[in-house]
Structure formats: structure tokens, C-alpha cells
Amino acid sequence: MSTVERIQELLNCVSRIPEKDAAGIITAAGIDSTVRVKAITDCLKIAKDEESKREFE
């Protein structure tokens with residue numbers, strides 16, 4: 001499994017955590033997952049850029 005695939009799998013797992021609970025209340029875990037999704041998305045973009053650079057070398 002490549003680095004990009006592993007990061008994508010991590011992103012899929014983290015993005016499944018809901019921001020709000022069943023009562024519609026924003027949870028700490030939900031806020032944390034929202035922040036982590038943004039950070040992992042940024043990492044995924046960097047990894048994809050690096051991977052495409054390697055393909056052209």
C-alpha cells in the first residue's frame with residue numbers, strides 16, 4: 001500500500017466521526033475530527049504532489 005493510499009484510508013476513518021451527536025450537540029470528538037480531516041487533507045495533497053513529481057522524474 002502506498003503512502004497516498006494509507007493517508008486516504010486514515011482520512012476515510014477520521015471523517016466518519018460525526019461532528020454532532022444524535023441530539024444535535026457538537027461534541028469534542030467531532031470538533032477534533034473536523035480539525036484532523038483538514039490536516040490530513042493537507043497532508044494528502046502534499047503526498048500526491050510528491051508522488052506525481054516522482055512519476056515525471
# chains A, B, ... in the order shown; residues from 1 in each chain; ligands from 1
>>> residues_around(residues="Ser15 in chain A", least_positions_apart="3", cutoff="9 Å", atoms="only C-alpha atoms", output="short mmCIF file (atom, residue, chain, number, x, y, z; two decimals) with N, CA, C and O atoms, in the first residue's frame")
data_model
loop_
_atom_site.label_atom_id
_atom_site.label_comp_id
_atom_site.auth_asym_id
_atom_site.auth_seq_id
_atom_site.Cartn_x
_atom_site.Cartn_y
_atom_site.Cartn_z
N LEU A 10 -6.67 6.70 6.28
CA LEU A 10 -6.76 7.42 7.54
C LEU A 10 -7.81 8.52 7.46
O LEU A 10 -8.63 8.69 8.36
N LEU A 11 -7.82 9.24 6.35
CA LEU A 11 -8.81 10.30 6.14
C LEU A 11 -10.22 9.73 6.15
O LEU A 11 -11.13 10.30 6.76
N ASN A 12 -10.41 8.59 5.52
CA ASN A 12 -11.73 7.96 5.50
C ASN A 12 -12.19 7.59 6.91
O ASN A 12 -13.36 7.78 7.26
N PRO A 18 -18.81 11.78 13.51
CA PRO A 18 -19.73 12.90 13.32
C PRO A 18 -19.37 14.09 14.22
O PRO A 18 -18.86 13.92 15.33
N SER A 33 -12.20 15.76 15.13
CA SER A 33 -12.15 15.06 13.85
C SER A 33 -12.21 16.04 12.69
O SER A 33 -11.58 15.84 11.66
N THR A 34 -12.96 17.14 12.85
CA THR A 34 -13.03 18.15 11.80
C THR A 34 -11.66 18.78 11.56
O THR A 34 -11.24 18.96 10.41
N ARG A 36 -8.77 17.39 12.36
CA ARG A 36 -7.89 16.34 11.83
C ARG A 36 -8.14 16.10 10.34
O ARG A 36 -7.20 15.87 9.58
N VAL A 37 -9.40 16.15 9.90
CA VAL A 37 -9.72 15.96 8.48
C VAL A 37 -9.01 17.03 7.66
O VAL A 37 -8.43 16.73 6.61
#
>>> residues_around(residues="Asp49 in chain A", least_positions_apart="6", cutoff="12 Å", atoms="only C-alpha atoms", output="number ranges by chain")
A: 3-4, 42-43, 55-56
>>> write_last_selection(atoms="N, CA, C and O atoms", output="short mmCIF file (atom, residue, chain, number, x, y, z; two decimals), in the first residue's frame")
data_model
loop_
_atom_site.label_atom_id
_atom_site.label_comp_id
_atom_site.auth_asym_id
_atom_site.auth_seq_id
_atom_site.Cartn_x
_atom_site.Cartn_y
_atom_site.Cartn_z
N THR A 3 1.95 5.33 0.28
CA THR A 3 1.74 6.36 1.30
C THR A 3 0.44 7.10 1.06
O THR A 3 -0.33 7.35 1.99
N VAL A 4 0.16 7.45 -0.18
CA VAL A 4 -1.07 8.16 -0.52
C VAL A 4 -2.29 7.32 -0.15
O VAL A 4 -3.26 7.82 0.42
N ASP A 42 -4.63 18.20 3.91
CA ASP A 42 -3.43 18.94 3.50
C ASP A 42 -2.25 17.99 3.28
O ASP A 42 -1.51 18.12 2.30
N CYS A 43 -2.08 17.03 4.18
CA CYS A 43 -1.00 16.04 4.03
C CYS A 43 -1.20 15.20 2.77
O CYS A 43 -0.24 14.90 2.07
N GLU A 55 6.83 10.56 -10.56
CA GLU A 55 6.44 9.92 -11.82
C GLU A 55 7.08 10.59 -13.02
O GLU A 55 7.36 9.94 -14.02
N PHE A 56 7.32 11.88 -12.93
CA PHE A 56 7.89 12.62 -14.06
C PHE A 56 9.41 12.63 -14.06
O PHE A 56 10.02 13.11 -15.00
#
>>> atom_distance(atom1="CA of Glu50 in chain A", atom2="CA of Ser2 in chain A")
12.2 Å
>>> atom_distance(atom1="CA of Ile46 in chain A", atom2="CA of Glu9 in chain A")
15.5 Å
>>> atom_distance(atom1="CA of Lys53 in chain A", atom2="CA of Thr41 in chain A")
18.4 Å
>>> decode(residues="range 18-30 of chain A", atoms="all heavy atoms", output="CSV table (one decimal), in the first residue's frame")
chain,number,residue,atom,x,y,z
A,18,PRO,N,-18.8,11.8,13.5
A,18,PRO,CA,-19.7,12.9,13.3
A,18,PRO,C,-19.4,14.1,14.2
A,18,PRO,O,-18.9,13.9,15.3
A,18,PRO,CB,-21.1,12.3,13.7
A,18,PRO,CG,-20.8,11.2,14.6
A,18,PRO,CD,-19.4,10.7,14.2
A,19,GLU,N,-19.6,15.3,13.7
A,19,GLU,CA,-19.4,16.5,14.5
A,19,GLU,C,-20.4,16.7,15.6
A,19,GLU,O,-20.1,17.2,16.7
A,19,GLU,CB,-19.4,17.7,13.6
A,19,GLU,CG,-19.0,19.0,14.3
A,19,GLU,CD,-18.9,20.2,13.3
A,19,GLU,OE1,-18.9,20.0,12.1
A,19,GLU,OE2,-18.9,21.3,13.8
A,20,LYS,N,-21.6,16.2,15.3
A,20,LYS,CA,-22.7,16.4,16.3
A,20,LYS,C,-23.2,15.0,16.8
A,20,LYS,O,-23.2,14.0,16.0
A,20,LYS,CB,-23.9,17.2,15.8
A,20,LYS,CG,-23.5,18.6,15.4
A,20,LYS,CD,-24.6,19.3,14.8
A,20,LYS,CE,-24.2,20.7,14.4
A,20,LYS,NZ,-25.3,21.5,13.8
A,21,ASP,N,-23.7,14.9,18.0
A,21,ASP,CA,-24.3,13.6,18.4
A,21,ASP,C,-25.7,13.5,18.0
A,21,ASP,O,-26.2,14.4,17.3
A,21,ASP,CB,-24.1,13.5,19.9
A,21,ASP,CG,-24.9,14.5,20.7
A,21,ASP,OD1,-25.7,15.3,20.2
A,21,ASP,OD2,-24.7,14.6,22.0
A,22,ALA,N,-26.4,12.5,18.4
A,22,ALA,CA,-27.8,12.2,18.0
A,22,ALA,C,-28.7,13.3,18.4
A,22,ALA,O,-29.7,13.6,17.7
A,22,ALA,CB,-28.3,10.9,18.5
A,23,ALA,N,-28.4,14.1,19.5
A,23,ALA,CA,-29.2,15.2,19.9
A,23,ALA,C,-28.9,16.5,19.2
A,23,ALA,O,-29.5,17.5,19.5
A,23,ALA,CB,-29.1,15.3,21.4
A,24,GLY,N,-27.9,16.4,18.3
A,24,GLY,CA,-27.6,17.7,17.6
A,24,GLY,C,-26.6,18.5,18.4
A,24,GLY,O,-26.3,19.7,18.0
A,25,ILE,N,-26.0,18.0,19.4
A,25,ILE,CA,-25.0,18.7,20.2
A,25,ILE,C,-23.6,18.5,19.6
A,25,ILE,O,-23.2,17.3,19.4
A,25,ILE,CB,-25.0,18.3,21.7
A,25,ILE,CG1,-26.4,18.7,22.2
A,25,ILE,CG2,-23.9,19.0,22.5
A,25,ILE,CD1,-26.7,18.1,23.6
A,26,ILE,N,-22.9,19.6,19.4
A,26,ILE,CA,-21.5,19.5,18.9
A,26,ILE,C,-20.6,18.8,20.0
A,26,ILE,O,-20.6,19.3,21.1
A,26,ILE,CB,-20.9,20.8,18.5
A,26,ILE,CG1,-21.8,21.4,17.3
A,26,ILE,CG2,-19.5,20.7,18.1
A,26,ILE,CD1,-21.4,22.8,16.9
A,27,THR,N,-19.9,17.8,19.6
A,27,THR,CA,-19.0,17.1,20.6
A,27,THR,C,-17.6,17.4,20.4
A,27,THR,O,-17.1,17.9,19.3
A,27,THR,CB,-19.2,15.6,20.4
A,27,THR,OG1,-18.7,15.2,19.1
A,27,THR,CG2,-20.6,15.1,20.6
A,28,ALA,N,-16.8,17.2,21.4
A,28,ALA,CA,-15.4,17.5,21.4
A,28,ALA,C,-14.7,16.6,20.4
A,28,ALA,O,-13.8,17.0,19.6
A,28,ALA,CB,-14.7,17.3,22.8
A,29,ALA,N,-15.1,15.3,20.3
A,29,ALA,CA,-14.5,14.4,19.4
A,29,ALA,C,-14.9,14.8,17.9
A,29,ALA,O,-14.1,14.7,17.0
A,29,ALA,CB,-15.1,13.0,19.6
A,30,GLY,N,-16.1,15.4,17.8
A,30,GLY,CA,-16.4,15.8,16.4
A,30,GLY,C,-15.6,17.0,16.0
A,30,GLY,O,-15.2,17.1,14.8
